[in-house]
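Participant: Quick one: structure below, then a few questions.
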Protein chains: 2
Amino acid sequence: MLLCDIGNTSYHFLDDSRDYRESVTAFNPSSITQKVYYISVNASVGKVLETLDNWINLKTHVDMSNYYETMGVDRIFACEAIQNGVIVDAGSAITVDIVKDGKFQGGFIYPGITAMSKTYENISPALAYPFNFDLDLTVLPKNSGDAISYGYLKTFYSEVVSHEMEIYLTGGDAKEFTKIFSNAKVDEILIFKGMSKILKAN
Amino acid sequence: MLLCDIGNTSYHFLDDSRDYRESVTAFNPSSITQKVYYISVNASVGKVLETLDNWINLKTHVDMSNYYETMGVDRIFACEAIQNGVIVDAGSAITVDIVKDGKFQGGFIYPGITAMSKTYENISPALAYPFNFDLDLTVLPKNSGDAISYGYLKTFYSEVVSHEMEIYLTGGDAKEFTKIFSNAKVDEILIFKGMSKILKAN
């Protein structure tokens, strides 16, 4: 069985043995002849896939009544994968979604590492520091670099842990965030788990 | 007595009766002949003022041992104004500084409203929503606009209130933030209070 989660920059595939990525610009989806179950947040790729019979959009199989119209389909499928917890999907944006007893409770969007780094730099060149993920977030900073890292990371940390639920980390920057959420479960195929679940239920 | 707090875009004056602003680009500091006690985060204005005998830099009168080298002088003087509390100075950047028993404990820097708004917009045009300061931060969002407002405001709120101290709001965007920090004291002349205190002590 081949699953595919399509983002703005890549096709992320999972077959029975491994996950791998193909570039959105270089990859030709009609080169695959077997059945592919997919979700896509990429509207232009989505249009192409609608014309290919072997590409099956799993979005149409989800009960959308728990979710909202403009919510990214990747967030929806990550939520479908768990029963209870906070999902932190760290990419160009970081989405945080809360699931209780298998039901989506709501969620929020926070800037990703690259975006937030540029934000500080654009306010002032004096604030152009890389984020320090090894910073001790229990100590108030007394230098500019730490003051920026704390501003980005501790605010986010304080909110995420306030829900007092298990934390699931996924997305391209998941590993960086394990440094601040030390008890989190890292699950890079969380979205695929949601896709498998929906597929089995239908 | 004339006090002046100089930022990147304006001279902020306080005389005995009122506070007012002059543009950094248009205002000529040598047009004032009376004594002016000032602080400046603006390096190029600072250079000009050093050549004027009636402009007296108050930074040299502060005991810097409590602070750190690259800390903005405006933050230092705001800290000097209070004995206990969290100071939120909301401008192009938002600085948050904590003072206990008159001593600076540390602080952090968070993006201001305009900067953070651009951040979301730059990640994706789908995230270009104005922040809703009237959002109920106790409810997890179920729409994109609120998901962004919550991401910016609730994370910040959670961290600031975690210190369980009185909150002092100052800076150009202080009024917007009174909507989320409803028990905060708004004090638009907090920095001037610190300047007066240092001036009296010397």
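Ordering of the structure tokens sets the chain letters (A, B, ...); residue numbers start at 1 within each chain; ligands are numbered from 1 in the order shown.
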Write out as a ChimeraX atom specification every residue belonging to chain A that has an atom at most 10 Å from any atom of chain B, counting only C-alpha atoms.
Facilitator: /A:66-72,92-98,104-112,114-120,122-124,126-127,139-160,162
Participant: Could you give me the residues within range 7-166 of chain A that DSSP places in helix (DSSP H, G or I), as number ranges by chain?
Facilitator: A: 29-31, 43-49, 58-61, 64-66, 73-81, 113-123, 125-127, 144-161
Participant: If we count only C-alpha atoms and set the cut-off at 8 Å, which residues sit around Val73 in chain B, ignoring sequence neighbours fewer than 4 positions away in its own chain? Please answer as a PyMOL selection string.
Facilitator: chain B and resi 39-41+59+77
Participant: Report, in Å with one decimal, the straight-line distance from CA of Leu135 in chain B to CA of Lys103 in chain A.
Facilitator: 22.5 Å
Participant: Could you name the residues that touch Tyr20 in chain A at 10 Å or less, counting only C-alpha atoms, but leaving out those on the same chain fewer than 4 positions away, as number ranges by chain?
Facilitator: A: 4, 10-15
Participant: Env of Asn8 in chain A: 10 Å cut, atoms = only C-alpha atoms, seq-sep filter 4 positions within chain, self excluded. Answer as a PyMOL selection string.
Facilitator: chain A and resi 23-25+40-45+92
Participant: Using only C-alpha atoms, can you tell me which of B:Glu22, B:Ser65, B:Thr33, B:Asp74 comes closest to Leu52 in chain B?
Facilitator: B:Thr33
Participant: If you measure from CA of Glu80 in chain A to CA of Ile191 in chain A, what distance in Å do you get, rounded to one decimal?
Facilitator: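 So the answer is 8.1 Å.
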Participant: Neighbours of Val36 in chain B within 8 Å (only C-alpha atoms; same-chain residues fewer than 4 positions away dropped), as a ChimeraX atom specification?
Facilitator: /B:1-4,54-56
Participant: Those same residues, written as a short mmCIF file (atom, residue, chain, number, x, y, z; two decimals), in the first residue's frame with C-alpha atoms?
Facilitator:
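What ended up in part39.cif:
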```
data_model
loop_
_atom_site.label_atom_id
_atom_site.label_comp_id
_atom_site.auth_asym_id
_atom_site.auth_seq_id
_atom_site.Cartn_x
_atom_site.Cartn_y
_atom_site.Cartn_z
CA MET B 1 12.74 70.06 33.90
CA LEU B 2 12.82 68.52 30.43
CA LEU B 3 13.27 64.77 29.94
CA CYS B 4 13.69 62.99 26.60
CA ASN B 54 22.85 71.16 27.36
CA TRP B 55 21.88 67.54 26.50
CA ILE B 56 22.85 65.31 29.44
#
```
Participant: Measure the distance from CA of Phe133 in chain B to CA of Glu176 in chain B in Å and round it to one decimal.
Facilitator: 6.9 Å
Participant: As an MDAnalysis selection string, please: the residues near Leu190 in chain A (cut-off 7 Å, only C-alpha atoms, same-chain neighbours under 5 positions excluded).
Facilitator: chainID A and resid 78 81 170
Participant: List every residue of range 112-196 of chain A that DSSP, applied to the backbone of this structure, places in strand (DSSP E), and write the result as a PyMOL selection string.
Facilitator: chain A and resi 167-170+185-186
